[in-house]
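Shown here: coords.csv, CSV, C-alpha atoms and all ligand atoms.
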```
chain,number,residue,atom,x,y,z
A,204,MET,CA,-106.5,34.1,-22.3
A,205,ILE,CA,-104.3,36.3,-24.4
A,206,ASP,CA,-100.6,36.7,-23.5
A,207,THR,CA,-100.0,40.4,-23.9
A,208,LEU,CA,-96.2,39.8,-24.1
A,209,LEU,CA,-95.4,42.6,-21.7
A,210,GLY,CA,-91.8,43.7,-22.5
A,211,GLY,CA,-91.7,41.1,-25.2
A,212,VAL,CA,-91.7,38.3,-22.6
A,213,THR,CA,-94.2,35.4,-22.5
A,214,GLY,CA,-96.0,34.4,-19.3
A,215,VAL,CA,-96.0,37.8,-17.5
A,216,THR,CA,-99.3,39.6,-18.2
A,217,ALA,CA,-102.6,38.1,-19.4
A,218,ALA,CA,-105.7,39.7,-21.0
A,219,TYR,CA,-109.0,37.7,-21.0
A,220,LEU,CA,-111.4,37.6,-23.8
A,221,VAL,CA,-115.0,36.5,-22.9
A,222,THR,CA,-116.7,35.5,-26.1
A,223,GLY,CA,-120.4,35.8,-27.0
A,224,PRO,CA,-122.7,38.0,-29.0
A,225,ARG,CA,-121.2,41.1,-27.2
A,226,PRO,CA,-117.6,40.0,-26.5
A,227,ALA,CA,-115.6,41.6,-23.7
A,228,LEU,CA,-111.9,42.0,-23.3
A,229,VAL,CA,-110.8,42.2,-19.6
A,230,ASP,CA,-107.5,44.1,-19.0
A,231,PRO,CA,-106.1,44.8,-22.5
A,232,GLY,CA,-102.6,45.2,-21.1
A,233,ALA,CA,-99.9,47.8,-21.5
A,234,ARG,CA,-99.8,50.3,-24.3
A,235,THR,CA,-96.7,48.6,-25.6
A,236,SER,CA,-98.9,45.4,-25.9
A,237,ALA,CA,-101.6,46.9,-28.1
A,238,PRO,CA,-100.4,45.5,-31.4
A,239,VAL,CA,-100.1,42.0,-29.9
A,240,VAL,CA,-103.6,42.2,-28.5
A,241,ARG,CA,-105.1,43.5,-31.7
A,242,GLU,CA,-103.6,40.6,-33.6
A,243,ALA,CA,-104.9,38.2,-31.0
A,244,LEU,CA,-108.4,39.6,-31.3
A,245,ALA,CA,-108.2,39.4,-35.1
A,246,ALA,CA,-107.1,35.8,-34.8
A,247,ALA,CA,-110.1,35.1,-32.6
A,248,GLY,CA,-112.3,36.4,-35.5
A,249,LEU,CA,-113.2,39.8,-34.0
A,250,GLY,CA,-113.6,42.5,-36.6
A,251,PRO,CA,-113.4,46.3,-35.7
A,252,ARG,CA,-117.1,46.5,-34.9
A,253,ASP,CA,-117.3,43.2,-32.9
A,254,LEU,CA,-115.6,44.0,-29.6
A,255,ARG,CA,-118.3,45.5,-27.3
A,256,TRP,CA,-116.6,45.8,-23.9
A,257,ILE,CA,-113.2,46.7,-22.6
A,258,VAL,CA,-113.4,45.9,-18.9
A,259,LEU,CA,-110.6,47.1,-16.5
A,260,THR,CA,-109.8,45.5,-13.1
A,261,HIS,CA,-107.8,48.7,-12.3
A,262,VAL,CA,-105.9,51.5,-14.0
A,263,HIS,CA,-102.3,50.4,-13.5
A,264,LEU,CA,-100.6,50.6,-16.9
A,265,ASP,CA,-99.8,46.9,-17.2
A,266,HIS,CA,-103.5,46.4,-17.2
A,267,CYS,CA,-105.1,49.4,-18.9
A,268,GLY,CA,-102.4,51.1,-21.0
A,269,ALA,CA,-103.7,49.7,-24.3
A,270,THR,CA,-107.2,51.0,-23.6
A,271,GLY,CA,-107.1,54.2,-25.6
A,272,ILE,CA,-105.6,52.5,-28.7
A,273,LEU,CA,-108.0,49.6,-28.6
A,274,ALA,CA,-111.0,51.9,-27.9
A,275,ALA,CA,-110.1,53.7,-31.1
A,276,ALA,CA,-109.6,50.5,-33.1
A,277,PHE,CA,-112.9,49.0,-31.8
A,278,PRO,CA,-115.3,51.9,-32.0
A,279,GLU,CA,-118.3,49.9,-30.7
A,280,ALA,CA,-116.5,49.0,-27.4
A,281,THR,CA,-117.5,50.6,-24.1
A,282,VAL,CA,-114.9,50.8,-21.4
A,283,VAL,CA,-116.0,49.6,-18.0
A,284,VAL,CA,-114.0,50.8,-15.0
A,285,HIS,CA,-114.4,51.8,-11.3
A,286,ARG,CA,-115.5,55.3,-10.6
A,287,ARG,CA,-112.0,56.2,-9.2
A,288,GLY,CA,-110.4,54.9,-12.4
A,289,ALA,CA,-112.7,56.5,-15.0
A,290,ARG,CA,-111.3,60.0,-14.9
A,291,HIS,CA,-107.8,58.7,-15.5
A,292,VAL,CA,-109.0,56.7,-18.5
A,293,ALA,CA,-110.6,59.9,-19.9
A,294,GLU,CA,-107.7,62.2,-19.0
A,295,PRO,CA,-104.6,60.1,-18.4
A,296,ALA,CA,-101.9,62.8,-17.9
A,297,ARG,CA,-101.7,62.6,-14.1
A,298,LEU,CA,-101.8,58.8,-14.0
A,299,VAL,CA,-99.1,58.6,-16.6
A,300,ALA,CA,-96.8,61.0,-14.8
A,301,ALA,CA,-97.4,59.2,-11.5
A,302,SER,CA,-96.8,55.8,-13.1
A,303,ALA,CA,-93.5,57.0,-14.7
A,304,ALA,CA,-92.3,57.9,-11.2
A,305,VAL,CA,-93.2,54.4,-9.9
A,306,TYR,CA,-91.8,52.4,-12.9
A,307,GLY,CA,-88.6,54.5,-13.2
A,308,GLN,CA,-86.1,53.0,-15.6
A,309,ARG,CA,-88.5,50.2,-16.5
A,310,TRP,CA,-91.0,52.8,-18.0
A,311,SER,CA,-90.3,51.7,-21.5
A,312,LEU,CA,-91.8,48.2,-20.8
A,313,TYR,CA,-95.2,49.9,-20.3
A,314,GLY,CA,-95.5,53.0,-22.3
A,315,GLY,CA,-98.3,55.5,-21.5
A,316,LEU,CA,-102.1,55.6,-21.9
A,317,ASP,CA,-104.1,57.3,-24.7
A,318,PRO,CA,-107.3,59.0,-23.6
A,319,THR,CA,-110.7,57.4,-24.2
A,320,PRO,CA,-113.6,59.8,-24.9
A,321,ALA,CA,-115.7,60.1,-21.6
A,322,ALA,CA,-118.9,59.2,-23.5
A,323,ARG,CA,-117.5,55.7,-24.1
A,324,ILE,CA,-116.7,55.0,-20.4
A,325,GLU,CA,-119.2,53.3,-18.2
A,326,VAL,CA,-118.6,53.6,-14.4
A,327,ALA,CA,-118.9,50.3,-12.5
A,328,GLU,CA,-120.0,50.2,-8.9
A,329,ASP,CA,-119.9,47.0,-6.9
A,330,ASP,CA,-122.2,44.3,-8.5
A,331,HIS,CA,-122.3,46.2,-11.8
A,332,ARG,CA,-123.4,43.9,-14.6
A,333,VAL,CA,-121.9,43.7,-18.1
A,334,ALA,CA,-124.1,41.8,-20.6
A,335,ILE,CA,-122.2,39.6,-23.0
A,336,GLY,CA,-125.5,38.5,-24.7
A,337,GLY,CA,-127.3,35.2,-24.7
A,338,GLY,CA,-127.9,35.6,-21.0
A,339,ARG,CA,-124.2,35.6,-20.1
A,340,VAL,CA,-123.3,38.3,-17.6
A,341,LEU,CA,-120.0,39.5,-16.1
A,342,ARG,CA,-120.5,40.8,-12.6
A,343,MET,CA,-118.0,43.4,-11.3
A,344,ILE,CA,-116.9,42.7,-7.7
A,345,GLY,CA,-115.3,45.5,-5.7
A,346,THR,CA,-112.0,44.1,-4.5
A,347,ALA,CA,-110.0,47.0,-3.1
A,348,GLY,CA,-106.5,46.2,-1.6
A,349,HIS,CA,-104.0,46.2,-4.5
A,350,ALA,CA,-105.6,49.6,-5.3
A,351,ARG,CA,-108.6,51.3,-3.9
A,352,HIS,CA,-110.4,51.0,-7.2
A,353,HIS,CA,-109.5,47.4,-7.9
A,354,MET,CA,-112.4,45.2,-9.2
A,355,SER,CA,-112.6,41.5,-10.0
A,356,VAL,CA,-114.8,40.1,-12.7
A,357,LEU,CA,-117.1,37.1,-12.1
A,358,ASP,CA,-118.3,35.2,-15.2
A,359,GLU,CA,-121.5,33.9,-13.8
A,360,GLU,CA,-121.9,31.2,-16.5
A,361,THR,CA,-118.6,29.4,-15.8
A,362,GLY,CA,-118.0,30.5,-12.1
A,363,THR,CA,-114.6,31.9,-13.2
A,364,VAL,CA,-113.3,34.9,-11.3
A,365,ILE,CA,-110.9,37.1,-13.2
A,366,ALA,CA,-109.1,38.5,-10.2
A,367,GLY,CA,-106.6,40.9,-11.7
A,368,ASP,CA,-104.0,41.5,-9.0
A,369,ALA,CA,-106.2,40.8,-5.9
A,370,LEU,CA,-104.4,37.5,-5.1
A,371,GLY,CA,-101.0,38.7,-6.1
A,372,VAL,CA,-98.8,37.3,-8.8
A,373,ARG,CA,-98.0,33.7,-9.8
A,374,MET,CA,-95.7,33.4,-12.7
A,375,GLU,CA,-95.8,30.1,-14.6
A,376,GLY,CA,-93.8,27.5,-12.6
A,377,GLY,CA,-93.6,29.6,-9.5
A,378,GLY,CA,-95.7,30.2,-6.4
A,379,LEU,CA,-98.1,33.0,-5.4
A,380,TYR,CA,-96.5,36.2,-4.1
A,381,PRO,CA,-98.3,39.5,-3.0
A,382,ALA,CA,-98.6,42.4,-5.4
A,383,LEU,CA,-98.5,45.6,-3.3
A,384,PRO,CA,-97.1,48.5,-5.3
A,385,PRO,CA,-97.5,52.2,-4.5
A,386,SER,CA,-99.4,54.2,-4.0
A,387,GLU,CA,-102.7,53.1,-2.4
A,388,ILE,CA,-102.4,49.5,-1.1
A,389,ASP,CA,-104.7,48.6,1.8
A,390,LEU,CA,-103.9,45.4,3.6
A,391,ASP,CA,-107.2,45.3,5.5
A,392,ALA,CA,-109.3,45.9,2.4
A,393,GLY,CA,-107.2,43.4,0.6
A,394,ASP,CA,-107.9,40.7,3.1
A,395,ALA,CA,-111.7,41.5,3.0
A,396,SER,CA,-111.6,41.3,-0.8
A,397,LEU,CA,-109.9,37.9,-0.7
A,398,ALA,CA,-112.6,36.7,1.7
A,399,ARG,CA,-115.2,38.0,-0.6
A,400,ILE,CA,-113.7,36.2,-3.6
A,401,GLY,CA,-113.6,33.0,-1.6
A,402,SER,CA,-117.2,33.5,-0.6
A,403,LEU,CA,-118.3,33.5,-4.2
A,404,GLY,CA,-117.2,29.8,-4.3
A,405,PRO,CA,-115.5,30.3,-7.7
A,406,ALA,CA,-115.0,27.2,-9.9
A,407,ARG,CA,-111.8,28.8,-11.1
A,408,ILE,CA,-109.7,31.9,-10.4
A,409,VAL,CA,-107.5,33.4,-13.1
A,410,ILE,CA,-105.1,36.2,-12.5
A,411,SER,CA,-103.4,38.8,-14.6
A,412,HIS,CA,-99.8,37.6,-13.8
A,413,PHE,CA,-100.3,34.9,-15.0
A,414,GLY,CA,-103.2,32.5,-15.8
A,415,ASP,CA,-104.9,29.9,-13.6
A,416,ALA,CA,-104.3,30.5,-9.9
A,417,GLY,CA,-104.7,26.8,-9.1
A,418,ASP,CA,-107.2,25.4,-6.6
A,419,PRO,CA,-109.4,28.4,-5.8
A,420,ALA,CA,-109.9,28.0,-2.1
A,421,ALA,CA,-106.2,27.1,-1.5
A,422,ALA,CA,-105.1,30.1,-3.6
A,423,VAL,CA,-107.3,32.5,-1.6
A,424,ASP,CA,-106.1,31.0,1.7
A,425,ALA,CA,-102.4,31.4,0.6
A,426,ALA,CA,-102.9,35.0,-0.5
A,427,ARG,CA,-104.6,35.9,2.8
A,428,GLY,CA,-101.8,34.2,4.7
A,429,GLN,CA,-99.2,36.2,2.8
A,430,LEU,CA,-101.0,39.5,3.6
A,431,VAL,CA,-100.8,38.6,7.3
A,432,ALA,CA,-97.1,38.0,6.9
A,433,VAL,CA,-96.7,41.4,5.1
A,434,ARG,CA,-98.6,43.1,7.9
A,435,GLU,CA,-96.3,41.5,10.5
A,436,ALA,CA,-93.2,42.5,8.5
A,437,ALA,CA,-94.5,46.1,8.3
A,438,LEU,CA,-95.2,46.4,12.0
A,439,ALA,CA,-91.8,44.7,12.9
A,440,SER,CA,-90.0,47.2,10.7
A,441,ARG,CA,-91.0,50.0,13.1
A,442,ALA,CA,-88.5,48.6,15.5
A,443,SER,CA,-85.9,47.3,13.2
A,444,GLY,CA,-86.1,50.0,10.5
A,445,ASP,CA,-85.6,47.3,7.9
A,446,LEU,CA,-88.8,46.8,6.0
A,447,GLU,CA,-87.2,45.1,3.0
A,448,GLY,CA,-85.4,42.6,5.3
A,449,GLU,CA,-88.6,42.0,7.4
A,450,ILE,CA,-90.6,41.2,4.3
A,451,ALA,CA,-87.7,39.1,2.8
A,452,ARG,CA,-87.5,37.1,6.1
A,453,ARG,CA,-91.2,36.2,6.1
A,454,LEU,CA,-91.7,35.9,2.4
A,455,PRO,CA,-88.4,35.2,0.7
A,456,LEU,CA,-88.9,35.7,-3.0
A,457,GLU,CA,-86.4,32.9,-3.8
A,458,ARG,CA,-88.3,30.3,-1.8
A,459,VAL,CA,-91.9,31.5,-2.2
A,460,VAL,CA,-91.6,32.0,-5.9
A,461,GLY,CA,-89.3,29.1,-6.3
A,462,ASP,CA,-89.0,28.3,-10.0
A,463,ALA,CA,-85.9,29.9,-11.6
A,464,ALA,CA,-87.8,31.2,-14.7
A,465,ALA,CA,-90.5,32.8,-12.5
A,466,LEU,CA,-87.9,34.4,-10.3
A,467,ALA,CA,-86.1,35.8,-13.4
A,468,ARG,CA,-89.4,37.4,-14.5
A,469,TRP,CA,-89.9,38.9,-11.0
A,470,ARG,CA,-86.4,40.4,-11.1
A,471,ARG,CA,-86.8,41.8,-14.6
A,472,LEU,CA,-90.0,43.6,-13.6
A,473,GLY,CA,-88.6,44.9,-10.3
A,474,TRP,CA,-91.9,44.2,-8.5
A,475,ALA,CA,-90.3,43.1,-5.3
A,476,GLY,CA,-88.9,46.6,-4.8
A,477,ALA,CA,-92.2,48.1,-5.7
A,478,ASN,CA,-93.8,45.9,-2.9
A,479,VAL,CA,-91.4,47.4,-0.4
A,480,ALA,CA,-92.3,51.0,-1.5
A,481,GLY,CA,-96.0,50.2,-1.5
A,482,VAL,CA,-95.9,48.7,2.0
A,483,ALA,CA,-93.8,51.6,3.3
A,484,GLY,CA,-96.6,53.9,2.0
A,485,TRP,CA,-99.3,51.8,3.8
A,486,LEU,CA,-97.2,51.8,7.0
A,487,ALA,CA,-97.0,55.6,6.9
A,488,SER,CA,-100.7,56.2,6.3
A,489,GLU,CA,-102.5,53.3,7.9
A,490,GLY,CA,-100.0,51.5,10.1
A,491,ASP,CA,-100.6,53.7,13.1
A,492,ALA,CA,-104.2,52.5,13.3
A,493,ALA,CA,-103.0,48.9,12.7
A,494,ALA,CA,-100.5,49.1,15.6
A,495,ARG,CA,-103.2,50.2,18.0
A,496,GLN,CA,-105.4,47.2,17.3
B,501,ZN,ZN,-100.6,44.1,-12.5
```
In C-alpha cells, write the structure found in this file.
Ligand SMILES: [Zn+2]
Amino acid sequence: MIDTLLGGVTGVTAAYLVTGPRPALVDPGARTSAPVVREALAAAGLGPRDLRWIVLTHVHLDHCGATGILAAAFPEATVVVHRRGARHVAEPARLVAASAAVYGQRWSLYGGLDPTPAARIEVAEDDHRVAIGGGRVLRMIGTAGHARHHMSVLDEETGTVIAGDALGVRMEGGGLYPALPPSEIDLDAGDASLARIGSLGPARIVISHFGDAGDPAAAVDAARGQLVAVREAALASRASGDLEGEIARRLPLERVVGDAAALARWRRLGWAGANVAGVAGWLASEGDAAARQ
C-alpha cells in the first residue's frame, strides 16, 4: 500500500502496488499526489521502465488523476480501465470539468487529469485478466454502484480484493461509511456488487480510503446494510423533503464513523455532502422504480 497523501494528509487515499515481473499499480491517486507516488515507486525499486500496468478501479480524480503523469513517467505501463472510463483517460476535458463542479471549493485537493495516449489504454470487461508474470494474475471484477464503471481487482494468488470504493470509506480508527457521490450511483447495482465480492470468498479486502477493511464477510455485510439504510432514507425523504436529515438519522456520521480523527478527515473532504447530492440524483432517476417495488 502506498499512502498517496491526498491533500497532504495521511490515511485518506491509498494506491496499491502489486509486485512481480510485470508490476501493477492500482489507483495511482490524485494528480496532486503524483510526486508522492513516483517517490514511493522509486523507493520500491521501480525504475522508469519497470512499471507495466496502471490499473484503475474507476475514473474519479482521487483514484485516477495521476494517471497521465505516471503514464508519461513510466513509458512501458499500460492503463487498464473499464470501457466507460477509457475515453475519459484519453480525453479528460469533460471529466475534469464535471469533477470541478462536484468538488467545488475543494478542487485544489485533487487537481485535474493529464491525457494518456489511447494506444496505451487497455479496456477491461468483467473478468479481464492482467498478467503480473510468474503466473500471478489480477482479475478485474465489474462492481458497479459507486459508479457505473467501477471495477474491483482480485489478486488470485493472495485472495485479496482491492475494492476501490465499492464498500465505502473506512478511515483509520473509524467505521465503514457509504461512498455515494454524484453523478451515477446505483444502489441496486451496488448491493449486487457487494454480494459478488462476498461470493469470491476473499481472504482480505482492501479499500482506497483507507487500507484493510477488516474481516471480509463482516465488512461486506456492513456495507450492504448501510446501502439498505440509504435506500430507506431516500424513499422516506419523498414525504419529509429532508434527504440529508433522513440519511443522518439512519447513518449518523458521528456515531458510525466514530473516531474523532476519522471524522475530521471526512469533514475536511466534504464527502458527506457529496453523498447527499449523489443519493438525490439516484432518487430522481431511479427512485420511482424503487418505490414501485
Ligand atoms: Zn474514492
Would you name the residues within 7 Å of ligand ZN 501 (chain B), counting all atoms listed in the file, and put them as an MDAnalysis selection string? chainID A and resid 263 265:266 367:368 411:412
Quick check, in Å to one decimal: how far apart do CA of Val409 in chain A and CA of Ala293 in chain A lie?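 Between these atoms lies a distance of 27.5 Å.
Counting from CA of Arg470 in chain A, the distance to CA of Glu457 in chain A is 10.5 Å.
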Using all atoms listed in the file, which residue out of A:Asp253, A:Asp415, A:Glu387, A:Asp206 lies closest to Ala227 in chain A?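 Among A:Asp253, A:Asp415, A:Glu387, A:Asp206, it is A:Asp253 that comes nearest to Ala227 in chain A.
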Contacts of Arg339 in chain A at 12 Å (all atoms listed in the file; same-chain gap of 5+ positions) as an NGL selection string: :A and (221-227 or 332-334 or 357-362)
Could you pull the residues within 6 Å of range 317-327 of chain A, counting all atoms listed in the file, minus those fewer than 5 positions along the same chain, as a list in words? Gly271, Thr281, Val282, Val283, Val284, His285, Arg286, Val292, Ala293, Glu294 and Pro295 of chain A
Residues of the last selection are to be written out with C-alpha atoms, as a PDB file, keeping the file's coordinate frame.
```
ATOM      1  CA  GLY A 271    -107.100  54.200 -25.600  1.00  0.00           C
ATOM      2  CA  THR A 281    -117.500  50.600 -24.100  1.00  0.00           C
ATOM      3  CA  VAL A 282    -114.900  50.800 -21.400  1.00  0.00           C
ATOM      4  CA  VAL A 283    -116.000  49.600 -18.000  1.00  0.00           C
ATOM      5  CA  VAL A 284    -114.000  50.800 -15.000  1.00  0.00           C
ATOM      6  CA  HIS A 285    -114.400  51.800 -11.300  1.00  0.00           C
ATOM      7  CA  ARG A 286    -115.500  55.300 -10.600  1.00  0.00           C
ATOM      8  CA  VAL A 292    -109.000  56.700 -18.500  1.00  0.00           C
ATOM      9  CA  ALA A 293    -110.600  59.900 -19.900  1.00  0.00           C
ATOM     10  CA  GLU A 294    -107.700  62.200 -19.000  1.00  0.00           C
ATOM     11  CA  PRO A 295    -104.600  60.100 -18.400  1.00  0.00           C
TER      12      PRO A 295
END
```
Point out the residue among A:Val239, A:Ala475, A:Leu220, A:Ala289 with the least atom-to-atom distance to Leu446 in chain A, counting all atoms listed in the file.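 Comparing A:Val239, A:Ala475, A:Leu220, A:Ala289 against Leu446 in chain A, the winner is A:Ala475.
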Assuming the input is short of atoms at range 413-424 of chain A, produce all heavy atoms for that part as a CSV table (one decimal), in the frame of the given file.
```
chain,number,residue,atom,x,y,z
A,413,PHE,N,-100.0,35.1,-13.6
A,413,PHE,CA,-100.3,34.9,-15.0
A,413,PHE,C,-101.1,33.6,-15.1
A,413,PHE,O,-100.6,32.5,-14.8
A,413,PHE,CB,-99.0,34.8,-15.8
A,413,PHE,CG,-99.2,34.6,-17.2
A,413,PHE,CD1,-99.4,35.7,-18.1
A,413,PHE,CD2,-99.3,33.3,-17.8
A,413,PHE,CE1,-99.5,35.4,-19.5
A,413,PHE,CE2,-99.4,33.1,-19.1
A,413,PHE,CZ,-99.6,34.2,-20.0
A,414,GLY,N,-102.4,33.7,-15.5
A,414,GLY,CA,-103.2,32.5,-15.8
A,414,GLY,C,-103.9,31.9,-14.6
A,414,GLY,O,-104.3,32.6,-13.7
A,415,ASP,N,-104.1,30.6,-14.6
A,415,ASP,CA,-104.9,29.9,-13.6
A,415,ASP,C,-104.2,30.0,-12.3
A,415,ASP,O,-103.0,29.7,-12.2
A,415,ASP,CB,-105.1,28.5,-14.1
A,415,ASP,CG,-106.2,27.8,-13.3
A,415,ASP,OD1,-106.2,27.9,-12.0
A,415,ASP,OD2,-107.1,27.2,-13.9
A,416,ALA,N,-104.9,30.3,-11.2
A,416,ALA,CA,-104.3,30.5,-9.9
A,416,ALA,C,-104.2,29.1,-9.2
A,416,ALA,O,-103.7,29.1,-8.0
A,416,ALA,CB,-105.0,31.5,-9.1
A,417,GLY,N,-104.7,28.1,-9.8
A,417,GLY,CA,-104.7,26.8,-9.1
A,417,GLY,C,-106.0,26.6,-8.3
A,417,GLY,O,-107.0,27.3,-8.5
A,418,ASP,N,-106.0,25.6,-7.4
A,418,ASP,CA,-107.2,25.4,-6.6
A,418,ASP,C,-107.7,26.7,-5.9
A,418,ASP,O,-107.0,27.3,-5.2
A,418,ASP,CB,-106.9,24.4,-5.5
A,418,ASP,CG,-108.1,24.1,-4.6
A,418,ASP,OD1,-109.0,23.4,-5.0
A,418,ASP,OD2,-108.1,24.7,-3.5
A,419,PRO,N,-109.0,27.1,-6.2
A,419,PRO,CA,-109.4,28.4,-5.8
A,419,PRO,C,-109.3,28.7,-4.3
A,419,PRO,O,-108.8,29.7,-3.9
A,419,PRO,CB,-110.9,28.5,-6.3
A,419,PRO,CG,-110.9,27.5,-7.5
A,419,PRO,CD,-110.0,26.4,-7.1
A,420,ALA,N,-109.9,27.7,-3.5
A,420,ALA,CA,-109.9,28.0,-2.1
A,420,ALA,C,-108.5,28.0,-1.5
A,420,ALA,O,-108.1,28.9,-0.7
A,420,ALA,CB,-110.7,26.9,-1.4
A,421,ALA,N,-107.6,27.2,-2.0
A,421,ALA,CA,-106.2,27.1,-1.5
A,421,ALA,C,-105.5,28.4,-1.9
A,421,ALA,O,-104.7,29.0,-1.1
A,421,ALA,CB,-105.5,25.9,-2.1
A,422,ALA,N,-105.8,28.9,-3.1
A,422,ALA,CA,-105.1,30.1,-3.6
A,422,ALA,C,-105.5,31.3,-2.7
A,422,ALA,O,-104.7,32.2,-2.3
A,422,ALA,CB,-105.4,30.4,-5.1
A,423,VAL,N,-106.8,31.4,-2.4
A,423,VAL,CA,-107.3,32.5,-1.6
A,423,VAL,C,-106.7,32.4,-0.2
A,423,VAL,O,-106.2,33.4,0.4
A,423,VAL,CB,-108.9,32.5,-1.5
A,423,VAL,CG1,-109.4,33.4,-0.4
A,423,VAL,CG2,-109.5,32.9,-2.8
A,424,ASP,N,-106.7,31.2,0.4
A,424,ASP,CA,-106.1,31.0,1.7
A,424,ASP,C,-104.6,31.4,1.7
A,424,ASP,O,-104.1,32.1,2.6
A,424,ASP,CB,-106.2,29.6,2.2
A,424,ASP,CG,-107.6,29.2,2.7
A,424,ASP,OD1,-108.4,30.2,2.8
A,424,ASP,OD2,-107.8,28.0,2.9
```
